[in-house]
Amino acid sequence: METASGTPMNSGPASGGLGNILWMYSTLPANIASGPLSTLIALYILKLGGGVLEVAYAITLASAISIPSVFLWGFLTDLLNKRRFFVILSYLLTTILFFALFLSNSVIEVILIYASISFVSGAQASSLNLLVMETDTHDKWSKNFSFLQMISALGTTIGFVIAWIVTGLSDIGTLILILFGSSTLSVVLAAKLISEPNISAKRIRVSEGIHSFVHRLVVLPMLAISIPHPENIRNMFKFKGLESVRKHFFFVFYTISFIFFFSAALFNTEYPVGLKYVSSSNSFVFFVILFSMVLQTGMFYFYDTFTKEKNKNAVSAVFIELRGAAYVIIGIVFTLFAGIYFDAFNIIFYALASGIAYAIYYPTSYSIFFNMIGGTNKGSAIGIYTAVIGLGSLLGAISSGIIAIKYSFGITFIAAGLLLLGCGYAFRSLPKA
């Protein structure tokens, strides 16, 4: 097979060479552009005269649109059997929207453009995952998904480094132009490096490839999963055919997951806004998040050291409580401190919450879930879990703006932390996976 430039490129599964992963580098500039986007949107809305509620509206609308978009784009991808086309289309439309964002001069325009970016991003979500599976053999899927994850993490980190430096030296408009340039580069690289696979991957249920599923969650949180049949959903919540241990597990785990993602959205929707209001520095906002991301990457690398031969329920409980405690402390810091103490405490405790606690809790909780699913209604269980995550995130995002306006940033963050502390207690009641 040849690329658009005529350069030979292996795409068949038997080759196993560099050609099978070379196309993944086209995703690097796209991740550089999208990595700091949500934080950028929050700061841009503030610059244009918006407030905490407008930021909450933007995050909520984008999250709501992303859910049906992945189903729509996934359907079109299968219908037309085109991978390269939808990746390039997604990158091209995103690039156009970045330029529109640069030209925007009102809050409503920024909100609608951000929602549009969320929608068109779904066009490449399914296609990238299918390219991984259709350009190499089954035994290399896990390794290749890991490589795609590394590219994604590297791009996001570079994006935040650029945002931190540029906003320290210039303004948000300059940053948007740079991200526009990076997104443009992704279109060019995708056109040159990606070719349509000449084979069809053996289709399997996503829940049957547990390692691939986890990697896909990390790389692209928006998953196109077949919608569970209504009868399967009713059976899951009735726990039909399950022993009492699993009845207890599913009820508690779904509840914990809803609260966890509700709390995450409650905190993260307004956290950049709160930092900006108190510190008045866009560069500092990006630095706090960048520092936690670097630490999170290191924690993922040393994950086995913290969890090997340990009770996963206990590990999850400890780190979800650590995240909750860090949220509470940040809320107190917002209430009582300012100046250098405010900056230092936020750097430290946000890194604890999002850098350390999240990096350990995230894969551990998924491992517990998959171990308990067993052979019972896998697709329905995962479908319900995805719905629980989406609902929690949506409600948390809109609640964040309302609570912050009615009370304060500090109260919002403390509330998010207290919810997680309660989840830690609930996790200890789960049966051992």
# chains A, B, ... in the order shown; residues from 1 in each chain; ligands from 1
>>> residues_around(residues="A:Leu154", least_positions_apart="4", cutoff="9 Å", atoms="only C-alpha atoms", output="list in words")
Leu28, Asn31, Ile32, Gln149, Met150, Ile158 and Gly159 of chain A
>>> residues_around(residues="A:Trp73", least_positions_apart="4", cutoff="9 Å", atoms="only C-alpha atoms", output="number ranges by chain")
A: 68-69, 77-78, 86, 120, 122-127, 224
>>> closest_residue(among="A:Leu46, A:Val70, A:Ala426, A:Leu53", to="A:His248", atoms="only C-alpha atoms")
A:Ala426
>>> closest_atom_pairs(of="stretch 110-206 of chain A", to="stretch 40-44 of chain A", cutoff="9 Å", atoms="only C-alpha atoms", output="CSV")
residue,atom,partner,partner_atom,distance
A:Val110,CA,A:Ile41,CA,7.3
A:Ile111,CA,A:Ile41,CA,8.1
A:Tyr114,CA,A:Ile41,CA,7.4
A:Ala163,CA,A:Leu40,CA,8.4
A:Ile172,CA,A:Tyr44,CA,7.0
A:Gly173,CA,A:Tyr44,CA,8.8
A:Leu175,CA,A:Leu40,CA,8.8
A:Ile176,CA,A:Leu40,CA,8.5
>>> write_last_selection(atoms="C-alpha atoms", output="PDB file, in the first residue's frame")
ATOM      1  CA  VAL A 110     -17.118  30.350  21.907  1.00  0.00           C
ATOM      2  CA  ILE A 111     -19.639  27.986  23.510  1.00  0.00           C
ATOM      3  CA  TYR A 114     -16.463  24.342  21.488  1.00  0.00           C
ATOM      4  CA  ALA A 163      -0.046  26.984  26.577  1.00  0.00           C
ATOM      5  CA  ILE A 172      -4.925  33.646  24.479  1.00  0.00           C
ATOM      6  CA  GLY A 173      -5.369  34.765  20.862  1.00  0.00           C
ATOM      7  CA  LEU A 175      -2.198  30.498  21.743  1.00  0.00           C
ATOM      8  CA  ILE A 176      -5.273  29.771  19.611  1.00  0.00           C
TER       9      ILE A 176
END
>>> atom_distance(atom1="atom CA of A:Ser34", atom2="atom CA of A:Ala353")
22.2 Å
>>> residues_around(residues="A:Ser116", least_positions_apart="3", cutoff="9 Å", atoms="only C-alpha atoms", output="VMD selection string")
chain A and resid 62 65 94 97 111 to 113 119 to 121
>>> residues_around(residues="stretch 396-410 of chain A", least_positions_apart="3", cutoff="8 Å", atoms="only C-alpha atoms", output="VMD selection string")
chain A and resid 52 to 57 59 to 60 261 to 267 269 to 271 274 330 to 335 392 to 393 413 to 414
>>> write_last_selection(atoms="N, CA and C atoms", output="PDB file, in the first residue's frame")
ATOM      1  N   VAL A  52     -18.746  32.040  35.638  1.00  0.00           N
ATOM      2  CA  VAL A  52     -18.689  30.623  35.982  1.00  0.00           C
ATOM      3  C   VAL A  52     -19.847  29.831  35.367  1.00  0.00           C
ATOM      4  N   LEU A  53     -21.016  30.454  35.279  1.00  0.00           N
ATOM      5  CA  LEU A  53     -22.165  29.734  34.727  1.00  0.00           C
ATOM      6  C   LEU A  53     -21.987  29.492  33.229  1.00  0.00           C
ATOM      7  N   GLU A  54     -21.435  30.478  32.529  1.00  0.00           N
ATOM      8  CA  GLU A  54     -21.195  30.304  31.091  1.00  0.00           C
ATOM      9  C   GLU A  54     -20.174  29.200  30.835  1.00  0.00           C
ATOM     10  N   VAL A  55     -19.157  29.116  31.693  1.00  0.00           N
ATOM     11  CA  VAL A  55     -18.175  28.036  31.568  1.00  0.00           C
ATOM     12  C   VAL A  55     -18.854  26.683  31.779  1.00  0.00           C
ATOM     13  N   ALA A  56     -19.731  26.609  32.774  1.00  0.00           N
ATOM     14  CA  ALA A  56     -20.460  25.367  33.033  1.00  0.00           C
ATOM     15  C   ALA A  56     -21.343  24.992  31.845  1.00  0.00           C
ATOM     16  N   TYR A  57     -21.989  25.989  31.246  1.00  0.00           N
ATOM     17  CA  TYR A  57     -22.812  25.725  30.060  1.00  0.00           C
ATOM     18  C   TYR A  57     -21.962  25.149  28.928  1.00  0.00           C
ATOM     19  N   ILE A  59     -19.031  23.487  29.033  1.00  0.00           N
ATOM     20  CA  ILE A  59     -18.576  22.124  29.312  1.00  0.00           C
ATOM     21  C   ILE A  59     -19.736  21.143  29.215  1.00  0.00           C
ATOM     22  N   THR A  60     -20.892  21.526  29.747  1.00  0.00           N
ATOM     23  CA  THR A  60     -22.061  20.644  29.723  1.00  0.00           C
ATOM     24  C   THR A  60     -22.539  20.381  28.309  1.00  0.00           C
ATOM     25  N   PHE A 261     -17.609  10.446  38.929  1.00  0.00           N
ATOM     26  CA  PHE A 261     -17.578  11.310  37.752  1.00  0.00           C
ATOM     27  C   PHE A 261     -18.396  12.585  37.962  1.00  0.00           C
ATOM     28  N   PHE A 262     -19.435  12.522  38.791  1.00  0.00           N
ATOM     29  CA  PHE A 262     -20.151  13.732  39.179  1.00  0.00           C
ATOM     30  C   PHE A 262     -19.199  14.659  39.932  1.00  0.00           C
ATOM     31  N   SER A 263     -18.457  14.090  40.884  1.00  0.00           N
ATOM     32  CA  SER A 263     -17.504  14.868  41.673  1.00  0.00           C
ATOM     33  C   SER A 263     -16.399  15.443  40.798  1.00  0.00           C
ATOM     34  N   ALA A 264     -15.883  14.635  39.854  1.00  0.00           N
ATOM     35  CA  ALA A 264     -14.818  15.109  38.958  1.00  0.00           C
ATOM     36  C   ALA A 264     -15.280  16.304  38.141  1.00  0.00           C
ATOM     37  N   ALA A 265     -16.504  16.216  37.593  1.00  0.00           N
ATOM     38  CA  ALA A 265     -17.036  17.335  36.812  1.00  0.00           C
ATOM     39  C   ALA A 265     -17.345  18.529  37.703  1.00  0.00           C
ATOM     40  N   LEU A 266     -17.848  18.270  38.906  1.00  0.00           N
ATOM     41  CA  LEU A 266     -18.149  19.336  39.861  1.00  0.00           C
ATOM     42  C   LEU A 266     -16.894  20.142  40.165  1.00  0.00           C
ATOM     43  N   PHE A 267     -15.779  19.451  40.310  1.00  0.00           N
ATOM     44  CA  PHE A 267     -14.516  20.117  40.637  1.00  0.00           C
ATOM     45  C   PHE A 267     -13.857  20.731  39.403  1.00  0.00           C
ATOM     46  N   THR A 269     -14.794  21.452  36.307  1.00  0.00           N
ATOM     47  CA  THR A 269     -15.443  22.449  35.449  1.00  0.00           C
ATOM     48  C   THR A 269     -15.064  23.868  35.856  1.00  0.00           C
ATOM     49  N   GLU A 270     -15.060  24.135  37.146  1.00  0.00           N
ATOM     50  CA  GLU A 270     -14.810  25.506  37.615  1.00  0.00           C
ATOM     51  C   GLU A 270     -13.420  25.716  38.202  1.00  0.00           C
ATOM     52  N   TYR A 271     -12.602  24.639  38.295  1.00  0.00           N
ATOM     53  CA  TYR A 271     -11.278  24.811  38.901  1.00  0.00           C
ATOM     54  C   TYR A 271     -10.395  25.800  38.119  1.00  0.00           C
ATOM     55  N   GLY A 274     -11.665  29.258  38.883  1.00  0.00           N
ATOM     56  CA  GLY A 274     -11.300  29.692  40.220  1.00  0.00           C
ATOM     57  C   GLY A 274      -9.845  30.123  40.311  1.00  0.00           C
ATOM     58  N   ILE A 330      -8.084  21.807  48.911  1.00  0.00           N
ATOM     59  CA  ILE A 330      -8.079  22.879  47.906  1.00  0.00           C
ATOM     60  C   ILE A 330      -9.242  23.839  48.150  1.00  0.00           C
ATOM     61  N   GLY A 331     -10.403  23.291  48.512  1.00  0.00           N
ATOM     62  CA  GLY A 331     -11.541  24.139  48.834  1.00  0.00           C
ATOM     63  C   GLY A 331     -11.253  25.058  50.009  1.00  0.00           C
ATOM     64  N   ILE A 332     -10.591  24.517  51.021  1.00  0.00           N
ATOM     65  CA  ILE A 332     -10.217  25.329  52.191  1.00  0.00           C
ATOM     66  C   ILE A 332      -9.202  26.397  51.801  1.00  0.00           C
ATOM     67  N   VAL A 333      -8.242  26.018  50.948  1.00  0.00           N
ATOM     68  CA  VAL A 333      -7.233  26.970  50.469  1.00  0.00           C
ATOM     69  C   VAL A 333      -7.900  28.136  49.741  1.00  0.00           C
ATOM     70  N   PHE A 334      -8.896  27.839  48.904  1.00  0.00           N
ATOM     71  CA  PHE A 334      -9.618  28.895  48.190  1.00  0.00           C
ATOM     72  C   PHE A 334     -10.340  29.828  49.154  1.00  0.00           C
ATOM     73  N   THR A 335     -10.715  29.299  50.312  1.00  0.00           N
ATOM     74  CA  THR A 335     -11.467  30.093  51.289  1.00  0.00           C
ATOM     75  C   THR A 335     -10.565  30.946  52.163  1.00  0.00           C
ATOM     76  N   GLY A 392     -23.308  11.241  35.130  1.00  0.00           N
ATOM     77  CA  GLY A 392     -22.620  11.872  36.254  1.00  0.00           C
ATOM     78  C   GLY A 392     -21.840  13.101  35.823  1.00  0.00           C
ATOM     79  N   SER A 393     -21.149  12.994  34.678  1.00  0.00           N
ATOM     80  CA  SER A 393     -20.350  14.115  34.179  1.00  0.00           C
ATOM     81  C   SER A 393     -21.222  15.303  33.790  1.00  0.00           C
ATOM     82  N   PHE A 413     -15.634  22.970  45.733  1.00  0.00           N
ATOM     83  CA  PHE A 413     -14.551  21.986  45.770  1.00  0.00           C
ATOM     84  C   PHE A 413     -14.627  21.108  47.018  1.00  0.00           C
ATOM     85  N   ILE A 414     -15.034  21.689  48.135  1.00  0.00           N
ATOM     86  CA  ILE A 414     -15.192  20.896  49.359  1.00  0.00           C
ATOM     87  C   ILE A 414     -16.299  19.861  49.176  1.00  0.00           C
TER      88      ILE A 414
END
>>> closest_residue(among="A:Thr27, A:Ser106, A:Ser66, A:Thr307", to="A:Gly390", atoms="only C-alpha atoms")
A:Ser66
>>> closest_residue(among="A:Met24, A:Met299, A:Ile368, A:Val285", to="A:Ser38", atoms="only C-alpha atoms")
A:Val285
>>> atom_distance(atom1="atom CA of A:Leu61", atom2="atom CA of A:Leu48")
18.5 Å
>>> closest_residue(among="A:Phe85, A:Tyr327, A:Tyr366, A:Phe286", to="A:Pro36", atoms="only C-alpha atoms")
A:Phe286
>>> closest_residue(among="A:Phe300, A:Phe249, A:Tyr425, A:Phe287", to="A:Ile165", atoms="only C-alpha atoms")
A:Phe287
>>> residues_around(residues="A:Arg428", least_positions_apart="4", cutoff="12 Å", atoms="only C-alpha atoms", output="number ranges by chain")
A: 249, 252-253, 256, 311-321, 421-424, 432-433
